[in-house]
Amino acid sequence: MPIDVTSLLLQGGGRQPIAFENISETIAAKVGLVWLELNDPDKPTLELLQEELDLHELAVEDALSAHQRPKVEDYAGGLFIVLRTARLWDNVIEYGETHVFCGANYIAIIRHDIGASYRQVQDRLQAYARPLTPGLALYALIDHIVDELRPIAARLETRYDDLESALFSNGASSDNLQNLYETKREIQGLMSAVQPIPEICGDLIRLHPNIVDKELRAYYRDVEDHAIRLIQSLDRLRDMITDATQLSMTTAAMQQSESVQKLAGWGAILAIPTLVFSLYGMNFKTMPELEFTWGYPLTLLATGTGCYWLYRRLKKRGWI
């Protein structure tokens with residue numbers, strides 16, 4: 001008997017548990033929609049599922065592990081769909097995959113993540129005042145996955161706003177740059193989940209009318225529109241983070257350049273007394289202070305005047 005499997009018959013606003021070994025008979029009876037959900041199943045469990053649903057061996061092989069590209073594959077007897085997911089779990093963004101087998105009177109969902117089950121999708125299906133079909137269940141599932149991405153995108157926007165404020169108030173620190181990079185990486189992860197959705201919905205509408213009938217096309221286009229708007233929002237946020245990173249690096253370079261200018265300016269000022277007093281440190285036979293009483297005071301005054309004049313010139317040019 002497989003482990004960690006939810007097998008239900010959804011009909012008339014209710015749900016009824018069914019035995020895993022009776023799935024094929026229940027599907028053949030056409031008395032409702034068979035809902036199957038498996039979390040990280042092992043190979044024996046998938047082999048039992050393959051036997052009950054008559055699944056293609058290549059699709060079952062793909063469903064055994066994650067790291068599949070999002071896609072829609074048409075096999076004899078049903079579809080195999082791969083979707084990437086992202087969920088907020090304990091205030092951390094967790095990425096995963098959901099694989100779906102969709103055929104006549106059934107939908108089988110295989111989750112490769114640590115998030116909660118798709119019980120909300122079941123509740124949503126039972127609230128529809130229309131017959132439950134695999135196409136309707138697939139729409140509700142994809143729409144739910146897109147809806148789960150929205151609060152994550154909003155969270156990333158809030159994080160960017162905080163980083164932008166810190167950037168202008170505290171300057172371009174290494175922590176700010178690291179946080180900007182980590183936020184951009186999270187956006188890339190979220191984009192990998194949402195970007196394939198419009199293409200998947202388009203393929204389902206155009207190529208699989210047996211699953212997505214005429215009445216369901218508007219629903220799938222609605223999901224497609226939501227995904228496109230989310231992609232545009234993430235694209236805009238990614239561009240803003242790129243601009244902020246460039247600004248941070250430019251600001252850091254300018255700050256470094258200003259520091260070098262100041263050091264060079266003070267070095268030029270100190271070069272005057274260094275030159276004068278290095279000359280006086282040499283063993284001349286005749287030196288001003290030996291025969292002229294005001295030799296040292298005048299030398300010090302001339303040195304101080306030169307330093308002050310150079311200081312005013314550099315200060316005016318903004319070098320110090």
# chains A, B, ... in the order shown; residues from 1 in each chain; ligands from 1
$ select_by_dssp --residues "range 87-228 of chain A" --states "helix (DSSP H, G or I)" --output "PyMOL selection string"
chain A and resi 119-127+134-170+174-194+196-207+214-228
$ residues_around --residues "Gly78 in chain A" --least-positions-apart "4" --cutoff "12 Å" --atoms "only C-alpha atoms" --output "number ranges by chain"
A: 53-56, 59, 72-74, 100-108, 134-135, 208, 210-211
$ closest_residue --among "A:Gln120, A:Thr6, A:Thr299, A:Gln188" --to "Ala137 in chain A" --atoms "only C-alpha atoms"
A:Gln120
$ atom_distance --atom1 "CA of Leu149 in chain A" --atom2 "CA of Ser192 in chain A"
11.2 Å
$ closest_residue --among "A:Leu64, A:Leu79, A:Ala264, A:Val31" --to "Leu207 in chain A" --atoms "only C-alpha atoms"
A:Leu79
